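Colleague: Below: one structure in structure tokens.
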Amino acid sequence: MLTLAWTYLRIGLIFFGGGYVLIPLLQHLLVEQYKWLSLREFLDGVAISQLTPGPLAMLATFTGVRVGGFMGGLVATICIFLPCVVLMLFVGRYYTRLKRIDLIGSTLDGVLPAVVGLVASAAWSLGSSLSSLRDGLILVAAFCLFRYTRVSPMLMILGAGLLGVLLP
Amino acid sequence: MTDTALQPKVPRVSLREIFLLFLKVGLTGFGGGMAIVALTERMVVKEKQWISAEEFLHGLAFGQILGPFSLNTCTFVGYRLRGVAGGVLAASAFLLPSFIIVSLLAWLYLRFQHLPMLQKALAGTNPVVVALILAVVLDMGKKQVKGTSGWLLALLAFAAAALFKLNAALVLAIGALWAFGAALYRRRLG
């Protein structure tokens, strides 16, 4: 449980650039390094976290439950969000005096391309678990829907689940 | 921006009200990220008038630094209203519904993972998840990756993580350090 707490706390500390950067971070640690869950389970977890209003980081809850039951989920959730909540409390306290915001802002802008590259690498390795033509077709169709319409990811995932049951 | 503009009179809001409001955001904010920020803004700035639009925007800007900005904006608003207790309470109330839903779904998943029907449903969602991530990559790439150095950094990060299996956290830390150095350098010049 301590390893679990420490792992999620570390991820919480370097979690810049919005929720999607969590996908490569967690995938690397949990699937490749610790082998706490399989690539397939990880993908299922992303789908499940998208079914809630919370941030994508609810993926931490899912993986925590998978590794350590309910307590694991609780510890993972608290640890992953602790750093950013503490930081925001600090910002709330001192924000009138935070004059170096331009430096922080340009650092963030500068690191974003690396985030894009990392998220792309997650798509690459998660995509390697798909093999059939059917998966390929669903992927292309879903990609077009995400690009050209404003359907919410939650509806898409529910729809895809239904499709998965109905299709042979 | 004077100090008086940034520190407007904060109305006295009870912790219970904060908890209930953010619980509502956490329960109904389907659509993620910006949808939640827009919902929070409507509730705390327009309807309740707890904080000013300007202050809310500052919170949102700082919220991009670390972690999900939807959560950070909630923490910030809670803090401005009632200090640390308000901030922690707002964050917990916002996460609570999702935490319960995910725990429940994860438990069901682990229990019934092997049922053929669930297997089929989940197999249907897998390509959609990959498509979602790809769509995000394209969207972020269009907005955030500019110029040769940006593309080079994105490509390097991709190659390091996907092909050389380098630790994603390490890649991110190096990227941040590099960006900080570049920002410092540009500031010296400017």
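In the structure tokens, the first chain shown is A, the next is B, and so on; residue numbers restart at 1 for each chain, and ligands run from 1 in the order shown.
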Which polymer residues have any atom within 9 Å of an atom of Leu112 in chain A, counting only C-alpha atoms, with same-chain residues fewer than 6 positions away left out, as a PyMOL selection string?
Modeller: (chain A and resi 16-17) or (chain B and resi 140-141+144-145+150+154+175-176)
Colleague: Write out as a VMD selection string all residues of range 85-160 of chain A that DSSP puts in alpha helix (DSSP H) for this structure's backbone.
Modeller: chain A and resid 85 to 94 101 to 127 133 to 148 153 to 160
Colleague: Residues at most 6 Å from range 134-149 of chain A, counting only C-alpha atoms, excluding those fewer than 2 positions away in the same chain, as a PyMOL selection string?
Modeller: (chain A and resi 132+151) or (chain B and resi 127-128+131)
Colleague: Now that the selection is made, can you save its residues with C-alpha atoms as a PDB file, in the first residue's frame?
Modeller:
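Just written: part16.pdb:
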ATOM      1  CA  SER A 132      -8.950  -7.128 -36.027  1.00  0.00           C
ATOM      2  CA  VAL A 151     -20.664  14.001 -29.217  1.00  0.00           C
TER       3      VAL A 151
ATOM      4  CA  PRO B 127     -10.916   1.163 -30.285  1.00  0.00           C
ATOM      5  CA  VAL B 128     -13.054   4.148 -29.255  1.00  0.00           C
ATOM      6  CA  ALA B 131      -9.616   7.021 -31.232  1.00  0.00           C
TER       7      ALA B 131
END
Colleague: Interatomic distance between CA of Asn72 in chain B and CA of Gly86 in chain B?
Modeller: 12.8 Å
Colleague: Distance CA of Glu54 in chain B-CA of Gly54 in chain A, one decimal place?
Modeller: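 Spanning CA of Glu54 in chain B to CA of Gly54 in chain A is a straight-line distance of 24.6 Å.
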Colleague: Between A:Val165, A:Ile78, A:Val85, A:Val111, which residue has the minimum interatomic distance to Ala5 in chain A, considering only C-alpha atoms?
Modeller: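 Looking only at the distances to Ala5 in chain A, the closest residue turns out to be A:Ile78.
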